[in-house]
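Structure file model39.cif with mmCIF, C-alpha atoms (C1' of nucleotides):
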```cif
data_run
loop_
_atom_site.label_atom_id
_atom_site.label_comp_id
_atom_site.auth_asym_id
_atom_site.auth_seq_id
_atom_site.Cartn_x
_atom_site.Cartn_y
_atom_site.Cartn_z
CA MET U 1 45.55 74.00 -49.48
CA LEU U 2 45.14 70.32 -48.85
CA GLU U 3 47.29 68.07 -50.98
CA HIS U 4 44.99 65.94 -53.03
CA ARG U 5 45.34 62.35 -54.05
CA VAL U 6 41.89 62.05 -55.52
CA PRO U 7 40.59 58.57 -56.22
CA GLU U 8 40.94 58.21 -59.97
CA LEU U 9 41.28 54.85 -61.65
CA PRO U 10 44.82 54.03 -60.46
CA GLU U 11 43.81 54.71 -56.87
CA VAL U 12 40.61 52.71 -57.26
CA GLU U 13 42.52 49.80 -58.78
CA THR U 14 44.99 50.03 -55.92
CA ALA U 15 42.05 49.86 -53.51
CA ARG U 16 40.68 46.84 -55.38
CA ARG U 17 43.97 44.98 -55.05
CA LEU U 18 44.26 45.81 -51.35
CA LEU U 19 40.74 44.63 -50.61
CA GLU U 20 41.18 41.42 -52.60
CA THR U 21 44.63 40.66 -51.19
CA HIS U 22 43.81 41.22 -47.54
CA LEU U 23 40.09 40.50 -47.20
CA SER U 24 39.09 37.82 -49.69
CA GLY U 25 38.24 34.54 -48.02
CA LYS U 26 37.55 36.33 -44.74
CA GLN U 27 34.16 36.65 -43.09
CA ILE U 28 32.59 39.87 -41.82
CA THR U 29 32.02 39.58 -38.08
CA GLY U 30 30.54 43.02 -37.51
CA ILE U 31 29.89 46.38 -39.16
CA ASP U 32 29.74 49.78 -37.46
CA ASN U 33 28.11 52.20 -39.89
CA ARG U 34 27.99 55.73 -38.48
CA LEU U 35 26.85 57.39 -41.73
CA PRO U 36 23.95 55.37 -43.19
CA LYS U 37 23.30 58.03 -45.87
CA LEU U 38 26.34 56.74 -47.78
CA LEU U 39 23.96 54.02 -48.99
CA ARG U 40 22.40 56.22 -51.66
CA ASP U 41 19.82 54.60 -53.92
CA SER U 42 20.79 51.21 -52.55
CA PRO U 43 18.45 48.34 -53.53
CA VAL U 44 19.19 46.81 -50.10
CA PRO U 45 19.11 49.83 -47.76
CA THR U 46 21.41 48.45 -45.02
CA LEU U 47 24.84 46.86 -44.59
CA ASP U 48 23.56 44.54 -41.84
CA VAL U 49 22.83 41.79 -44.37
CA LEU U 50 26.59 41.45 -45.00
CA VAL U 51 27.44 40.39 -41.45
CA GLY U 52 28.42 36.72 -41.43
CA GLN U 53 29.23 36.73 -45.14
CA ARG U 54 32.59 35.87 -46.65
CA LEU U 55 34.22 38.13 -49.27
CA GLU U 56 34.74 36.16 -52.46
CA SER U 57 36.18 38.67 -54.93
CA VAL U 58 36.55 42.36 -55.72
CA ARG U 59 35.83 43.64 -59.22
CA ARG U 60 36.32 47.07 -60.80
CA GLN U 61 34.88 48.83 -63.82
CA ALA U 62 36.02 52.40 -64.39
CA LYS U 63 36.06 53.93 -60.88
CA VAL U 64 33.33 51.65 -59.49
CA LEU U 65 34.15 48.66 -57.28
CA SER U 66 32.04 45.63 -56.49
CA LEU U 67 32.79 43.54 -53.40
CA ASP U 68 31.16 40.18 -54.00
CA PHE U 69 30.16 38.16 -50.97
CA SER U 70 28.98 34.63 -50.32
CA SER U 71 25.20 34.25 -50.39
CA ASP U 72 25.20 36.17 -53.66
CA LEU U 73 25.18 39.70 -52.30
CA SER U 74 27.47 42.47 -53.56
CA MET U 75 28.42 45.88 -52.26
CA MET U 76 29.16 48.40 -55.02
CA MET U 77 31.33 51.33 -53.97
CA HIS U 78 32.38 54.68 -55.48
CA LEU U 79 35.04 56.70 -53.64
CA LYS U 80 34.30 59.90 -55.60
CA LEU U 81 36.84 62.59 -54.73
CA ALA U 82 37.65 61.97 -51.10
CA GLY U 83 37.08 58.30 -50.27
CA GLN U 84 39.80 56.30 -48.55
CA VAL U 85 40.21 52.57 -48.03
CA ALA U 86 42.32 51.61 -45.00
CA ILE U 87 43.03 48.03 -43.99
CA PHE U 88 44.52 47.28 -40.59
CA LEU U 89 45.98 43.79 -40.24
CA PRO U 90 46.36 41.93 -36.96
CA ASP U 91 50.17 42.17 -37.32
CA GLY U 92 49.85 45.96 -36.93
CA THR U 93 50.54 46.93 -40.54
CA ARG U 94 48.30 49.48 -42.26
CA HIS U 95 47.50 49.59 -45.96
CA PHE U 96 45.93 52.56 -47.72
CA ALA U 97 44.42 53.61 -51.01
CA GLY U 98 42.64 56.82 -51.99
CA HIS U 99 42.49 60.19 -50.31
CA PRO U 100 45.35 61.08 -47.90
CA VAL U 101 43.00 62.19 -45.10
CA PRO U 102 42.89 60.64 -42.52
CA LYS U 103 46.68 60.52 -42.43
CA TYR U 104 48.40 57.18 -42.34
CA ASP U 105 49.51 57.47 -38.74
CA ASP U 106 46.31 59.03 -37.38
CA PRO U 107 44.34 57.14 -34.74
CA PHE U 108 41.44 55.17 -36.27
CA PRO U 109 38.58 55.42 -36.56
CA HIS U 110 39.16 59.08 -37.49
CA LYS U 111 36.30 61.62 -37.32
CA SER U 112 35.91 61.19 -41.10
CA THR U 113 35.92 57.38 -40.83
CA HIS U 114 32.28 56.44 -41.35
CA ILE U 115 32.24 52.66 -41.51
CA ASP U 116 34.27 49.96 -39.74
CA PHE U 117 34.08 46.52 -41.33
CA HIS U 118 35.39 43.91 -38.86
CA PHE U 119 36.63 40.70 -40.43
CA GLY U 120 37.46 37.35 -38.85
CA GLY U 121 40.94 37.12 -37.37
CA GLY U 122 41.05 40.77 -36.33
CA THR U 123 41.44 42.48 -39.70
CA ILE U 124 39.55 45.78 -39.99
CA PHE U 125 38.57 47.66 -43.16
CA TYR U 126 37.97 51.35 -42.40
CA LEU U 127 36.10 53.40 -45.00
CA SER U 128 36.71 57.14 -44.65
CA ASP U 129 35.37 60.01 -46.73
CA ILE U 130 36.10 63.53 -45.52
CA ARG U 131 33.70 65.02 -48.09
CA GLN U 132 31.01 62.35 -47.75
CA PHE U 133 30.44 62.35 -51.52
CA GLY U 134 31.07 58.63 -52.06
CA TRP U 135 28.36 56.01 -52.17
CA LEU U 136 27.63 52.38 -51.44
CA ARG U 137 24.95 50.13 -52.90
CA VAL U 138 24.05 46.63 -51.75
CA MET U 139 22.32 44.34 -54.22
CA PRO U 140 22.19 40.73 -55.36
CA THR U 141 25.39 39.86 -57.24
CA ALA U 142 23.23 38.85 -60.18
CA ASP U 143 22.12 42.49 -60.51
CA THR U 144 25.63 43.98 -60.65
CA ALA U 145 26.00 43.36 -64.40
CA ALA U 146 22.99 45.53 -65.15
CA ALA U 147 24.14 48.10 -62.59
CA PHE U 148 27.54 48.35 -64.27
CA ALA U 149 25.96 48.46 -67.73
CA ALA U 150 23.73 51.37 -66.69
CA PHE U 151 26.83 53.56 -66.41
CA ASN U 152 27.45 53.06 -70.13
CA PHE U 153 31.21 53.19 -69.63
CA GLY U 154 33.51 53.51 -72.61
CA PRO U 155 36.57 51.26 -72.99
CA GLU U 156 38.86 51.05 -69.98
CA GLY U 157 41.60 53.65 -70.24
CA THR U 158 44.08 51.01 -69.10
CA SER U 159 43.47 48.99 -72.26
CA ASP U 160 46.11 48.29 -74.87
CA PRO U 161 46.31 51.38 -77.14
CA GLU U 162 45.31 49.12 -80.03
CA LEU U 163 41.91 48.60 -78.38
CA LEU U 164 41.53 52.35 -77.89
CA ARG U 165 42.21 53.08 -81.55
CA PRO U 166 38.49 53.45 -82.43
CA LEU U 167 38.43 56.53 -80.20
CA ALA U 168 40.43 58.41 -82.84
CA ALA U 169 37.51 58.50 -85.26
CA LYS U 170 35.10 59.54 -82.51
CA MET U 171 37.34 62.47 -81.59
CA GLN U 172 36.88 63.91 -85.06
CA THR U 173 33.12 64.27 -84.58
CA ARG U 174 33.26 66.25 -81.32
CA SER U 175 33.66 70.00 -81.03
CA ILE U 176 34.20 70.09 -77.27
CA PRO U 177 37.67 70.56 -75.74
CA ILE U 178 39.77 67.40 -75.88
CA LYS U 179 40.14 67.55 -72.09
CA THR U 180 36.37 67.60 -71.58
CA LEU U 181 35.96 64.65 -73.93
CA LEU U 182 38.59 62.60 -72.10
CA LEU U 183 36.81 63.23 -68.80
CA ASP U 184 33.59 61.77 -70.23
CA GLN U 185 33.44 58.25 -68.77
CA THR U 186 31.22 57.09 -71.64
CA PHE U 187 34.00 58.04 -74.09
CA VAL U 188 36.86 56.41 -72.19
CA ALA U 189 36.59 55.13 -68.63
CA GLY U 190 38.91 55.95 -65.81
CA LEU U 191 40.51 59.33 -66.42
CA GLY U 192 39.96 62.10 -63.90
CA ASN U 193 41.19 65.65 -63.73
CA ILE U 194 44.76 64.79 -62.78
CA TYR U 195 45.44 62.07 -65.32
CA VAL U 196 43.79 63.96 -68.16
CA ASP U 197 46.25 66.80 -67.63
CA GLU U 198 49.11 64.31 -67.46
CA ALA U 199 48.00 62.45 -70.59
CA LEU U 200 47.65 65.65 -72.63
CA PHE U 201 51.06 66.85 -71.46
CA LYS U 202 52.55 63.53 -72.55
CA ALA U 203 50.76 63.84 -75.91
CA ARG U 204 51.90 67.49 -76.29
CA VAL U 205 48.31 68.62 -76.96
CA HIS U 206 46.75 71.78 -75.51
CA PRO U 207 43.81 70.75 -73.25
CA GLY U 208 41.48 73.46 -74.56
CA ARG U 209 41.66 72.52 -78.22
CA ALA U 210 38.51 71.22 -79.88
CA ALA U 211 38.75 67.44 -80.14
CA SER U 212 37.86 67.65 -83.83
CA SER U 213 40.78 70.00 -84.51
CA LEU U 214 43.44 67.44 -83.62
CA THR U 215 45.55 66.06 -86.44
CA LYS U 216 45.76 62.31 -86.87
CA PRO U 217 49.23 62.11 -85.26
CA GLU U 218 47.90 64.14 -82.34
CA ARG U 219 44.88 61.87 -81.93
CA LEU U 220 47.12 58.82 -81.90
CA ARG U 221 49.48 60.44 -79.38
CA VAL U 222 46.53 61.20 -77.10
CA ILE U 223 45.32 57.60 -77.33
CA ASP U 224 48.76 56.27 -76.51
CA ALA U 225 49.08 58.70 -73.60
CA ILE U 226 45.87 57.52 -71.87
CA PRO U 227 47.11 54.09 -70.73
CA TYR U 228 50.57 55.57 -70.20
CA ALA U 229 49.31 58.18 -67.72
CA LEU U 230 47.13 55.67 -65.90
CA ALA U 231 49.99 53.21 -65.66
CA GLU U 232 52.24 55.92 -64.21
CA GLY U 233 49.57 56.63 -61.62
CA LEU U 234 49.09 52.97 -60.85
CA LYS U 235 52.82 52.67 -60.34
CA GLN U 236 52.58 55.37 -57.72
CA GLY U 237 49.27 54.25 -56.27
CA GLY U 238 50.80 50.86 -55.79
CA VAL U 239 53.76 52.20 -53.90
CA LYS U 240 53.83 50.72 -50.45
CA VAL U 241 53.47 53.00 -47.49
CA ILE U 242 56.72 52.77 -45.55
CA ASN U 243 56.82 53.80 -41.92
CA THR U 244 53.27 55.14 -42.23
CA ARG U 245 54.27 57.71 -44.85
CA ALA U 246 53.36 57.80 -48.52
CA VAL U 247 56.37 58.38 -50.74
CA PRO U 248 55.59 60.29 -53.96
CA LEU U 249 57.49 59.21 -57.05
CA ASP U 250 59.85 61.72 -58.63
CA GLY U 251 58.46 63.61 -61.57
CA PHE U 252 54.82 62.69 -61.07
CA PRO U 253 52.57 64.43 -61.64
CA ALA U 254 54.51 66.38 -64.28
CA VAL U 255 52.06 69.27 -64.64
CA HIS U 256 48.97 68.87 -62.44
CA GLY U 257 49.17 71.11 -59.39
CA ARG U 258 52.50 72.62 -60.47
CA GLU U 259 51.43 76.14 -61.49
CA GLY U 260 54.47 78.42 -61.81
CA GLU U 261 56.94 75.56 -61.51
CA PRO U 262 59.28 74.65 -64.38
CA CYS U 263 58.20 72.13 -66.99
CA VAL U 264 60.20 68.93 -66.53
CA VAL U 265 60.86 68.85 -70.28
CA CYS U 266 61.63 72.48 -71.28
CA GLY U 267 61.69 74.52 -68.08
CA THR U 268 58.83 76.83 -69.09
CA SER U 269 56.55 77.82 -66.20
CA ILE U 270 53.47 75.59 -65.92
CA VAL U 271 50.26 77.58 -66.46
CA LYS U 272 46.84 77.07 -64.86
CA ILE U 273 43.67 77.79 -66.83
CA ARG U 274 40.05 76.62 -66.72
CA VAL U 275 38.72 74.18 -69.26
CA GLY U 276 35.12 73.04 -68.91
CA GLN U 277 34.96 74.49 -65.38
CA ARG U 278 37.97 72.44 -64.31
CA GLY U 279 41.32 73.64 -63.05
CA THR U 280 43.73 72.69 -65.83
CA TYR U 281 47.52 72.65 -65.85
CA PHE U 282 49.69 72.56 -68.93
CA CYS U 283 53.02 73.68 -70.41
CA PRO U 284 52.42 76.53 -72.88
CA ASN U 285 55.60 75.63 -74.77
CA CYS U 286 55.18 71.84 -75.04
CA GLN U 287 51.38 72.13 -75.54
CA PRO U 288 50.91 75.20 -77.77
CA GLU U 289 47.39 76.41 -78.46
CA GLN U 290 48.35 76.79 -82.10
CA ARG U 291 49.64 73.66 -83.79
CA LYS U 292 53.35 73.79 -84.49
"C1'" DT J 1 31.70 84.21 -46.20
"C1'" DG J 2 31.74 82.79 -50.48
"C1'" DC J 3 34.77 80.40 -53.39
"C1'" DG J 4 37.24 76.31 -54.90
"C1'" DT J 5 37.43 71.52 -54.95
"C1'" DT J 6 35.87 66.52 -58.25
"C1'" DG J 7 33.01 63.02 -60.34
"C1'" DT J 8 28.71 62.68 -61.92
"C1'" DT J 9 24.02 63.98 -63.05
"C1'" DT J 10 20.66 67.12 -64.61
"C1'" DC J 11 18.90 70.77 -67.24
"C1'" DA J 12 18.20 74.52 -70.61
"C1'" DC J 13 19.02 75.50 -75.15
"C1'" DC J 14 20.00 75.27 -79.94
"C1'" DC Z 1 16.88 63.90 -80.55
"C1'" DG Z 2 21.56 64.80 -79.63
"C1'" DG Z 3 25.44 67.68 -78.72
"C1'" DT Z 4 26.90 71.26 -75.76
"C1'" DG Z 5 27.82 74.17 -71.82
"C1'" DA Z 6 26.49 75.44 -67.54
"C1'" DA Z 7 24.55 74.51 -63.18
"C1'" DA Z 8 23.67 71.49 -59.46
"C1'" DC Z 9 25.07 68.38 -55.83
"C1'" DA Z 10 27.53 66.15 -52.16
"C1'" DA Z 11 30.59 68.75 -47.55
"C1'" DC Z 12 34.25 71.33 -45.88
"C1'" DG Z 13 38.64 74.11 -45.49
"C1'" DC Z 14 40.32 78.54 -45.95
#
```
Can the structure from this file be put into C-alpha cells for me?
Amino acid sequence: MLEHRVPELPEVETARRLLETHLSGKQITGIDNRLPKLLRDSPVPTLDVLVGQRLESVRRQAKVLSLDFSSDLSMMMHLKLAGQVAIFLPDGTRHFAGHPVPKYDDPFPHKSTHIDFHFGGGTIFYLSDIRQFGWLRVMPTADTAAAFAAFNFGPEGTSDPELLRPLAAKMQTRSIPIKTLLLDQTFVAGLGNIYVDEALFKARVHPGRAASSLTKPERLRVIDAIPYALAEGLKQGGVKVINTRAVPLDGFPAVHGREGEPCVVCGTSIVKIRVGQRGTYFCPNCQPEQRK
DNA sequence: TGCGTTGTTTCACC
DNA sequence: CGGTGAAACAACGC
C-alpha cells in the first residue's frame, strides 16, 4: 500500500509558496507537455501561449492555484489526489510539494512527470501526477475571479475560528454526517479526507454523527479544530526536504491511516469505518458514537 | 481481476 | 427546488 500524502490544502499552500518563492519574476523559456489532456475544459487549449511570459504571482483559493503571468494570462491548477510540484534550482537543490511519487531522489522527468516548465536561469518546474486526475486551465487573468467564484467555495478553513463561527448555525440544519459536511468545499474550503479525520479527533466528535445532533460545545470544538488541523498539516507540509528525504513530524497524523495502532491520547486501538463512502479513522474512546 | 484510492461532479429520488 | 446518498470519473497498484 502506497503511503499517501494527498494534496489537501496544506500541501497546496506549500506548493503555492514554493512556486512563488522560486519562480516569480522568472520567464518561461520552454514547455514540454507530454500529456495535453491535463488541460481539461481550458478556455485556452494549449500551454504554448505561456512561453516567453514572466510569472508575476501565485494565488490560492481552497485547493485551486492560479499562476498569474505577464501579458494577463493565468494558469489555474488543481492537483487532485496525486499531483506533485517539483522545482529544481540551478544550484542542484530540489523542492517538493504534494504527492510523494515520484520520490525525491528519483531521476526527473519521471514516467509520471507530464510537464516540464523551463524557466530562465536554468530553473525547472516539473509537474507530475501518477493518477492523471489533476487539471490545468489557461485563461485571461481577468477571468480568474469568475472561475474561482464558480466553485462557490465556503470560507477558508485556515481562517480565524471567529470567522468560521457562522458555520455553527449551519451545522444545526444538516442531517448528514459531520464528516461529510466538512468535506463539502461549499461549506468550508480546504479540508480533505485526512484533515477531516484529524479535526474530528481533535474535537472529540465521532465522524458519523449527524451534524445536527452536535451540541453547541461540540460544534464550537469542531470549528476550532478545523484551522488547527490545517495548521498542523501546513507545519508538516512546510518541512524542508533534507538530503532528498521527507521527514514526517512526530504524532501527525494522529488517527488517519493508523488502524489498529494505539490512540496517542488514551491508547485505545484506532478503528477504521466508512462514512459517506470514505475510509474514516477515529478513536472509539475519545470520539464515542453516543455523547458522553 | 476487481477493489480501493480522493476530490469533485452528476444523477436519481424523495 | 433542495437536501441527500449513491454512483460516476479520472488511472493504477495490488
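Taking CA of Arg174 in chain U and CA of Gly208 in chain U as the two end points, the separation is 12.9 Å.
If you apply the PyMOL selection byres ((chain U) within 12 of (chain Z)) to this structure, you end up with Met1, Leu2, Glu3, Lys37, Leu38, Arg40, Lys80, Leu81, Ala82, Ser112, Asp129, Ile130, Arg131, Gln132, Phe133, Gly134, Trp135, Thr173, Arg174, Ser175, Ile176, Pro177, Thr180, Leu181, Val275, Gly276 and Gln277 of chain U.
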From CA of Ala189 in chain U to CA of Asp72 in chain U the spacing works out at 26.7 Å
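Nearest to Glu156 in chain U of all the residues U:Lys202, U:Arg209, U:Arg60, U:Arg278 is U:Arg60, based on only C-alpha atoms.
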Counting all atoms listed in the file, the residue of U:Ile273, U:Ala62, U:Ala86, U:Ile124 that sits nearest DG7 in chain J:
U:Ala62
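The space between C1' of DC13 in chain J and CA of Ala149 in chain U spans 28.9 Å.
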If we count all atoms listed in the file, which residues of chain J reach to within 10 Å of chain U? Please list them as an mmCIF file with C-alpha atoms (C1' of nucleotides), keeping the file's coordinate frame.
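File written: result.cif
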```
data_model
loop_
_atom_site.group_PDB
_atom_site.id
_atom_site.type_symbol
_atom_site.label_atom_id
_atom_site.label_comp_id
_atom_site.auth_asym_id
_atom_site.auth_seq_id
_atom_site.Cartn_x
_atom_site.Cartn_y
_atom_site.Cartn_z
ATOM 1 C "C1'" DG J 4 37.240 76.310 -54.900
ATOM 2 C "C1'" DT J 5 37.430 71.520 -54.950
ATOM 3 C "C1'" DT J 6 35.870 66.520 -58.250
ATOM 4 C "C1'" DG J 7 33.010 63.020 -60.340
ATOM 5 C "C1'" DT J 8 28.710 62.680 -61.920
#
```
Give as a PyMOL selection string the residues that the PyMOL selection byres ((chain U and resi 57) around 10) matches when applied to the coordinates above.
chain U and resi 16+19-21+23-25+54-56+58-59+66-70+74
